[in-house]
Structure formats: structure tokens, C-alpha cells
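First up is the structure itself, then whatever we jot down about it.
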Amino acid sequence: MHTKTLAELAQGLKRREFSSRELTQHFLDRIRRHDGTLNAFITVTPERALADADAADVALDRGEGGPLTGIPLAQKDIFCTDGIRTTCGSRMLDNFPPPYDATVVARLAQAGTVLLGKLNMDEFAMGSSNETSYYGPVRNPWNTDCVPGGSSGGSAAAVAAGLTPAATGTDTGGSIRQPAAFCGITGLKPTYGRVSRWGMIAFASSLDQGGPMARSAEDCAMLLQAMAGFDPKDSTSVDRPVPDYGAALDRDLRGIRIGLPEEYFADLDPAMAQVLEAAMAEYRRLGVEFKAVSLPNIGLSVPAYYVIAPSECSSNLARYDGVRYGYRCRDPRDLEDLYLRTRAEGFGAEVKRRILIGTYALSAGYYDAYYLKAQKIRRLIADDFRRAFQEVDALLGPTTPTPAFRLGEKTGDPIAMYLSDIYTIAVNLAGLPGMSVPAGFIDGRPVGMQLIGDYFAEDRLLNIAHRYQRETDWHRRLPPEFA
């Protein structure tokens, strides 16, 4: 059953070929058998999962429920879950069971899904390799000596290895798309404001966005249908109708214009260029037209991001002080000692690095020189995309510069680690939707093709990805050790 897509599992449940309890038990067994190798889960919830499954079976036997009723999935451990420990991959929240569900969690539960557990991640979503987690690194199921990407590495690894048919992720600078590419699955970062951020623990509030991670574009469409929509509890949520994503999947691609950003293809690794050329050939057979476009300010996206994101992180993480909730140091001498030792002991090295960078960038005398200038560059990057979408319907390029790298390869060089997201960061700065689609392999490791759309054009991206996946089988391939 773990080889089936979400859509195929939904059909099997609807036809009662198997029950939700049988399906859920199958995935719980796979987690028990394989997660010791991958370390993809922080918390597994078997009792909750089987109770959810039994409730789903009752609804299905009555002919009730929707397309996701009875489907098991797992949540990235950045989404608050009522009564279930939510750690954000950090010692700071190791003992934190929230008293409420995040909106994404609540909406997926309302859709009838079954919660398998909470997935490992880079600490507070800060990382590109899932090596900054307090609970240890996640391993890539295609090569367990390699990283799965980050920060949603647990989500990507669990889906790729068949420990869950789908998962949630969050994307601040590529944290859905980059691990999706490294693990050979499909991941969608929606338009900023399309999916509620309420109950999603904040890293950088103007960049964070939750989204689906699954095997196929069709699966992502099913998940996004349940996740998307206005939420009055989230001030950044956009009040805009949600289209029928499934209805758009099979639209004809003849006449669709896809832009090829010159900056994404300059100095591109030859093996990656070959993968993209093969994907473009498939699209040409489907009637797609390609056009060269330019994003002249895209080269400034990494430095702008690494001023803006740490600045917002510095502000958001100020709440972790040992007073209200979370980790608290032992036997503080006074209030100042409580603050200092709690934060020094509770946060890991990468989180501390970003807090320090952000605090410096926001300090008196440096705000204009760093943070304000980075925001101006952000506007220039968004304007570049706006001009490009006047000429084309979507953009295509690589998701990552290379396949997954080895564990420990970049931990001593933060700049090299940050450049892993060089093709994804600009999408977050502009607030656009983007997705990674499996497109081939390099040296036995999967690589992804990135599709970028105009604001709220997720239906178009899903359509373009789905039609490609009807012609190829990259998204259906499983790591041999977990097949």
C-alpha cells in the first residue's frame, strides 16, 4: 500500500478494498521498521492514529466523508497539535504540548485525515540539511550517508521512504522545495497568505508558508484543497476564493508559455542542465512554448534573505525566555541569569547565529544600512518576477544546484549551506507560489525541477506538473532499501 499515491489510496478506501485501520497499521508498521534508520519522526502517535482511522471507517461505511477521509499523514513538528508535543526540532520546546491545533492541522483533521505523528526538522526551521535538529539529523532514504534537505527534511524523507503517504511542510526560503528535490518527491510552496500560518511556530513571519509534500502533483492538489483558505485568526491570510485544484489538473498545455530565467541557467551544472533539457523536451511534446526571460536582481536574493529572515527570527524568538513556557535553565541566580542561560542552553548553534545576525541588522545605526536596504532589494526582485509574468505563464528552472550532499559536508561552512537555496529563496521574497517536481537522477540521487507561478496560480502550477507526471515516472520511483 505504501507504493500507491494518495489519490490511489483514496480510491481504495472509497471502494472499501481496505479499511483506514488496515492502511494506518501498515504505515505504523513501516515507521516502526524503518525510522530507526532515517530518524524522520520525532513523535509517533499510534493510539491517536488508530482512533482516527476507526472514526474514518465508520464514516466511510456510511458512504460519508470526502476524498481525504481515512488517509494517514504526518505533520511537520512546527505545527501545533493539541495535547501532542510540538518541539520545532529544538530543546527549547522539548516539553511543550500545545493546548490547541494549528489551522492547517485542524483543517486536515476536519477533512478526515489520520495523524501518524510529528516529523523531524531543522531547529525552528533554520537549516538546509536537517542537521540542526536537537533530535539528530534525518537521513536521505536514497542514500543514508546524505542529507534529505531542510528544513522539512523529516517530511521529505518519510514520504520518499513510504513511512507516510503525505506530509505537511513549511517553506521560508525553500524548505519544502529543496528537500522535495533531494528526496525525489513533489512539494508545493503556495502563495504567501494562501495557507493559514496560525499555530505554525514562526521563524520569519513575512516569508513562512505551509504547504503539502507528497508523491505527485495530484496528491498535492488534494492536500492543498483542504489546507487553503482564509483564516480570520491569521492577519496575513488572504481572503480569496479557493479554486478546485483537482478540476484544473488535466487542462491542455498547448499554447502555455514557460519562461526560462537566464540567471538560473548561467553556470548551471551540466548534469542538471541535461535533466532540465529532458523535461523541457517532454513539455514541448505537450505543446508548451519556451521563452527566455531575465530576472536581473535575482543574484541579490541570498544576501537580502539572510538579512531579512534573521531579523524576523530575532524578533520572533525573543519570546523564548524561560518564563512562560518551554525550556528553563536550572537554579537561576536572578532574572537576568534565567534569560541568559535559558536561551544559551535551549537554542542550538545555527539558531543563535541567526538571532545574532538579526539583532545586529535591526540595531540602532544599522537598521537603514542592512534591514531597510534588504527590503528595497526584495521589492526589486518582486518587480522582476512581475515583469516576467507579463510575458509567460510560469517559470522553469532547477530546484537545487546539485543533488543531496553528504551528512557533515557543509556543517562547517554556513555560507556554502546557505547557497543550497540559491534557486528557491527569491520565490519567498516575492511571496510567489513554487513547486519542485521529480525530474531525474544524478549519480543515483534524485533531483527536482522547479516551477514558479504568478500570485495565486497554484492551479496552473499543479496542472503543468501533473501533465508532466502523466508522461514520466520519476515521482513513482522508490528508494530500493524502502521499496
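Labels for the C-alpha cells follow display order: chains A, B, ..., residues from 1 in each chain, ligands from 1.
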
As a PDB file with N, CA and C atoms, in the first residue's frame, which residues of segment 25-246 of chain A does DSSP assign to strand (DSSP E or B)?
ATOM      1  N   PHE A  41      10.875  10.802  12.226  1.00  0.00           N
ATOM      2  CA  PHE A  41       9.835  11.171  13.184  1.00  0.00           C
ATOM      3  C   PHE A  41      10.447  11.594  14.515  1.00  0.00           C
ATOM      4  N   ILE A  42       9.872  12.626  15.109  1.00  0.00           N
ATOM      5  CA  ILE A  42      10.182  12.989  16.491  1.00  0.00           C
ATOM      6  C   ILE A  42       9.187  12.324  17.430  1.00  0.00           C
ATOM      7  N   THR A  43       7.906  12.323  17.048  1.00  0.00           N
ATOM      8  CA  THR A  43       6.846  11.728  17.862  1.00  0.00           C
ATOM      9  C   THR A  43       5.947  10.896  16.962  1.00  0.00           C
ATOM     10  N   VAL A  44       5.656   9.672  17.363  1.00  0.00           N
ATOM     11  CA  VAL A  44       4.692   8.817  16.663  1.00  0.00           C
ATOM     12  C   VAL A  44       3.479   8.664  17.567  1.00  0.00           C
ATOM     13  N   PRO A  72      -3.887   8.394   6.068  1.00  0.00           N
ATOM     14  CA  PRO A  72      -2.877   8.736   7.076  1.00  0.00           C
ATOM     15  C   PRO A  72      -1.912   9.792   6.538  1.00  0.00           C
ATOM     16  N   LEU A  73      -1.476  10.668   7.402  1.00  0.00           N
ATOM     17  CA  LEU A  73      -0.409  11.605   7.059  1.00  0.00           C
ATOM     18  C   LEU A  73       0.297  12.034   8.334  1.00  0.00           C
ATOM     19  N   ALA A  74       1.408  12.761   8.174  1.00  0.00           N
ATOM     20  CA  ALA A  74       2.173  13.224   9.322  1.00  0.00           C
ATOM     21  C   ALA A  74       2.403  14.720   9.192  1.00  0.00           C
ATOM     22  N   GLN A  75       2.534  15.371  10.331  1.00  0.00           N
ATOM     23  CA  GLN A  75       2.699  16.819  10.374  1.00  0.00           C
ATOM     24  C   GLN A  75       4.146  17.180  10.703  1.00  0.00           C
ATOM     25  N   LYS A  76       4.687  18.147   9.984  1.00  0.00           N
ATOM     26  CA  LYS A  76       5.979  18.701  10.373  1.00  0.00           C
ATOM     27  C   LYS A  76       5.843  19.218  11.810  1.00  0.00           C
ATOM     28  N   PHE A  79       3.967  22.588  13.397  1.00  0.00           N
ATOM     29  CA  PHE A  79       2.531  22.855  13.505  1.00  0.00           C
ATOM     30  C   PHE A  79       2.035  22.406  14.880  1.00  0.00           C
ATOM     31  N   THR A  81      -0.119  20.932  17.733  1.00  0.00           N
ATOM     32  CA  THR A  81      -1.104  19.854  17.791  1.00  0.00           C
ATOM     33  C   THR A  81      -1.590  19.740  19.228  1.00  0.00           C
ATOM     34  N   ILE A  84      -0.368  17.168  21.913  1.00  0.00           N
ATOM     35  CA  ILE A  84       0.735  16.357  21.385  1.00  0.00           C
ATOM     36  C   ILE A  84       1.976  17.236  21.299  1.00  0.00           C
ATOM     37  N   VAL A 114      -5.831  10.994   9.085  1.00  0.00           N
ATOM     38  CA  VAL A 114      -5.374  10.249  10.262  1.00  0.00           C
ATOM     39  C   VAL A 114      -3.962  10.727  10.599  1.00  0.00           C
ATOM     40  N   LEU A 115      -3.732  11.139  11.845  1.00  0.00           N
ATOM     41  CA  LEU A 115      -2.438  11.680  12.235  1.00  0.00           C
ATOM     42  C   LEU A 115      -1.502  10.571  12.717  1.00  0.00           C
ATOM     43  N   LEU A 116      -0.429  10.330  11.945  1.00  0.00           N
ATOM     44  CA  LEU A 116       0.562   9.313  12.303  1.00  0.00           C
ATOM     45  C   LEU A 116       1.571   9.824  13.323  1.00  0.00           C
ATOM     46  N   GLY A 117       1.860  11.135  13.287  1.00  0.00           N
ATOM     47  CA  GLY A 117       2.836  11.678  14.220  1.00  0.00           C
ATOM     48  C   GLY A 117       3.441  12.973  13.721  1.00  0.00           C
ATOM     49  N   LYS A 118       4.551  13.378  14.348  1.00  0.00           N
ATOM     50  CA  LYS A 118       5.203  14.658  14.087  1.00  0.00           C
ATOM     51  C   LYS A 118       6.614  14.408  13.539  1.00  0.00           C
ATOM     52  N   LEU A 119       6.970  15.173  12.523  1.00  0.00           N
ATOM     53  CA  LEU A 119       8.177  14.896  11.749  1.00  0.00           C
ATOM     54  C   LEU A 119       9.353  15.787  12.119  1.00  0.00           C
ATOM     55  N   ASN A 140      18.742  10.679   4.206  1.00  0.00           N
ATOM     56  CA  ASN A 140      18.053  10.593   2.916  1.00  0.00           C
ATOM     57  C   ASN A 140      17.830   9.123   2.553  1.00  0.00           C
ATOM     58  N   ASN A 143      20.091   7.590  -0.159  1.00  0.00           N
ATOM     59  CA  ASN A 143      21.476   7.355   0.229  1.00  0.00           C
ATOM     60  C   ASN A 143      21.604   7.832   1.663  1.00  0.00           C
ATOM     61  N   CYS A 146      23.672  10.674   3.006  1.00  0.00           N
ATOM     62  CA  CYS A 146      23.386  12.029   2.513  1.00  0.00           C
ATOM     63  C   CYS A 146      22.255  12.672   3.311  1.00  0.00           C
ATOM     64  N   ALA A 166       1.805  11.093   2.742  1.00  0.00           N
ATOM     65  CA  ALA A 166       1.874  12.544   2.537  1.00  0.00           C
ATOM     66  C   ALA A 166       2.261  13.204   3.844  1.00  0.00           C
ATOM     67  N   ALA A 167       2.683  14.463   3.747  1.00  0.00           N
ATOM     68  CA  ALA A 167       3.094  15.202   4.936  1.00  0.00           C
ATOM     69  C   ALA A 167       2.919  16.684   4.685  1.00  0.00           C
ATOM     70  N   THR A 168       2.927  17.434   5.770  1.00  0.00           N
ATOM     71  CA  THR A 168       2.965  18.890   5.649  1.00  0.00           C
ATOM     72  C   THR A 168       4.412  19.354   5.777  1.00  0.00           C
ATOM     73  N   GLY A 169       4.682  20.511   5.218  1.00  0.00           N
ATOM     74  CA  GLY A 169       5.982  21.146   5.353  1.00  0.00           C
ATOM     75  C   GLY A 169       5.782  22.642   5.456  1.00  0.00           C
ATOM     76  N   THR A 170       6.857  23.351   5.722  1.00  0.00           N
ATOM     77  CA  THR A 170       6.823  24.810   5.663  1.00  0.00           C
ATOM     78  C   THR A 170       8.022  25.276   4.855  1.00  0.00           C
ATOM     79  N   THR A 186       7.272  15.356  -4.640  1.00  0.00           N
ATOM     80  CA  THR A 186       6.689  16.605  -5.103  1.00  0.00           C
ATOM     81  C   THR A 186       6.357  17.480  -3.897  1.00  0.00           C
ATOM     82  N   GLY A 187       6.751  18.747  -3.946  1.00  0.00           N
ATOM     83  CA  GLY A 187       6.474  19.660  -2.838  1.00  0.00           C
ATOM     84  C   GLY A 187       6.028  21.012  -3.364  1.00  0.00           C
ATOM     85  N   LEU A 188       4.998  21.572  -2.766  1.00  0.00           N
ATOM     86  CA  LEU A 188       4.417  22.838  -3.225  1.00  0.00           C
ATOM     87  C   LEU A 188       4.469  23.887  -2.128  1.00  0.00           C
ATOM     88  N   LYS A 189       5.080  25.019  -2.438  1.00  0.00           N
ATOM     89  CA  LYS A 189       5.033  26.201  -1.569  1.00  0.00           C
ATOM     90  C   LYS A 189       3.983  27.147  -2.143  1.00  0.00           C
ATOM     91  N   VAL A 195      -2.284  29.763   2.628  1.00  0.00           N
ATOM     92  CA  VAL A 195      -2.474  28.783   3.699  1.00  0.00           C
ATOM     93  C   VAL A 195      -2.223  29.475   5.038  1.00  0.00           C
ATOM     94  N   MET A 200       1.315  27.846  13.396  1.00  0.00           N
ATOM     95  CA  MET A 200       2.576  27.400  12.796  1.00  0.00           C
ATOM     96  C   MET A 200       3.676  28.229  13.450  1.00  0.00           C
ATOM     97  N   GLY A 210       3.117  27.439   4.862  1.00  0.00           N
ATOM     98  CA  GLY A 210       2.922  25.996   4.910  1.00  0.00           C
ATOM     99  C   GLY A 210       2.452  25.464   3.576  1.00  0.00           C
ATOM    100  N   GLY A 211       2.741  24.187   3.329  1.00  0.00           N
ATOM    101  CA  GLY A 211       2.313  23.582   2.070  1.00  0.00           C
ATOM    102  C   GLY A 211       2.396  22.069   2.117  1.00  0.00           C
ATOM    103  N   PRO A 212       1.906  21.391   1.061  1.00  0.00           N
ATOM    104  CA  PRO A 212       1.861  19.929   1.024  1.00  0.00           C
ATOM    105  C   PRO A 212       3.120  19.310   0.422  1.00  0.00           C
ATOM    106  N   MET A 213       3.441  18.100   0.886  1.00  0.00           N
ATOM    107  CA  MET A 213       4.537  17.302   0.344  1.00  0.00           C
ATOM    108  C   MET A 213       4.009  15.887   0.145  1.00  0.00           C
ATOM    109  N   ALA A 214       4.128  15.371  -1.074  1.00  0.00           N
ATOM    110  CA  ALA A 214       3.573  14.059  -1.403  1.00  0.00           C
ATOM    111  C   ALA A 214       4.292  13.513  -2.631  1.00  0.00           C
ATOM    112  N   ALA A 228      -5.943  25.120   2.152  1.00  0.00           N
ATOM    113  CA  ALA A 228      -6.014  26.516   1.722  1.00  0.00           C
ATOM    114  C   ALA A 228      -7.298  27.190   2.174  1.00  0.00           C
TER     115      ALA A 228
END

Near Tyr305 of chain A, counting only C-alpha atoms, which residues have an atom at most 12 Å away, once you skip same-chain residues fewer than 4 positions from it, shown as a short mmCIF file (atom, residue, chain, number, x, y, z; two decimals) with C-alpha atoms, in the first residue's frame?
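Full text of result-v3.cif as output:
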data_model
loop_
_atom_site.label_atom_id
_atom_site.label_comp_id
_atom_site.auth_asym_id
_atom_site.auth_seq_id
_atom_site.Cartn_x
_atom_site.Cartn_y
_atom_site.Cartn_z
CA THR A 172 10.68 30.11 4.38
CA GLY A 173 13.44 30.08 1.76
CA GLY A 174 12.97 26.74 0.03
CA ALA A 204 10.32 34.70 9.65
CA SER A 206 6.81 37.65 6.18
CA LEU A 207 8.32 34.59 4.48
CA ILE A 298 17.93 37.51 -8.61
CA GLY A 299 21.60 37.38 -7.64
CA LEU A 300 20.82 39.63 -4.67
CA SER A 301 18.23 37.24 -3.22
CA ALA A 309 14.98 36.25 7.74
CA PRO A 310 17.41 36.53 10.70
CA SER A 311 15.95 39.93 11.59
CA GLU A 312 12.45 38.47 11.81
CA CYS A 313 13.78 35.40 13.62
CA ARG A 354 20.75 33.85 13.08
CA ILE A 357 22.81 38.42 12.80
CA GLY A 358 19.22 39.64 13.01
CA TYR A 370 21.02 46.50 6.35
CA TYR A 371 17.36 45.69 7.02
CA LYS A 373 18.13 48.11 2.16
CA ALA A 374 17.33 44.38 2.06
CA GLN A 375 13.61 45.20 1.93
CA LYS A 376 14.22 47.54 -1.00
CA ILE A 377 16.07 44.77 -2.83
CA ARG A 378 13.13 42.48 -2.05
CA ILE A 381 13.16 41.08 -7.03
CA TYR A 418 23.00 28.86 2.60
CA LEU A 419 23.78 28.65 -1.13
CA ASP A 421 18.77 27.51 -1.50
CA ILE A 422 20.08 29.85 -4.19
CA THR A 424 14.41 28.92 -4.17
CA ILE A 425 14.85 31.96 -1.92
CA ALA A 426 13.65 34.61 -4.39
CA VAL A 427 10.22 32.95 -4.57
CA ASN A 428 9.71 33.55 -0.85
CA LEU A 429 10.98 37.13 -1.02
CA ALA A 430 8.38 37.83 -3.71
#

(message) As an exercise, work out the distance from atom CA of Gly70 of chain A to atom CA of Ala125 of chain A in Å and give it to one decimal place.
(response) 28.9 Å

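The space between atom CA of Ala160 of chain A and atom CA of Thr113 of chain A spans 19.2 Å.
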
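Rounded to one decimal, atom CA of Tyr366 of chain A and atom CA of Ala382 of chain A lie 23.9 Å from each other.
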
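Across A:Ala181, A:Leu249, A:Ala279, A:Leu68, the tightest approach to Ala226 of chain A is made by A:Leu68 when counting only C-alpha atoms.
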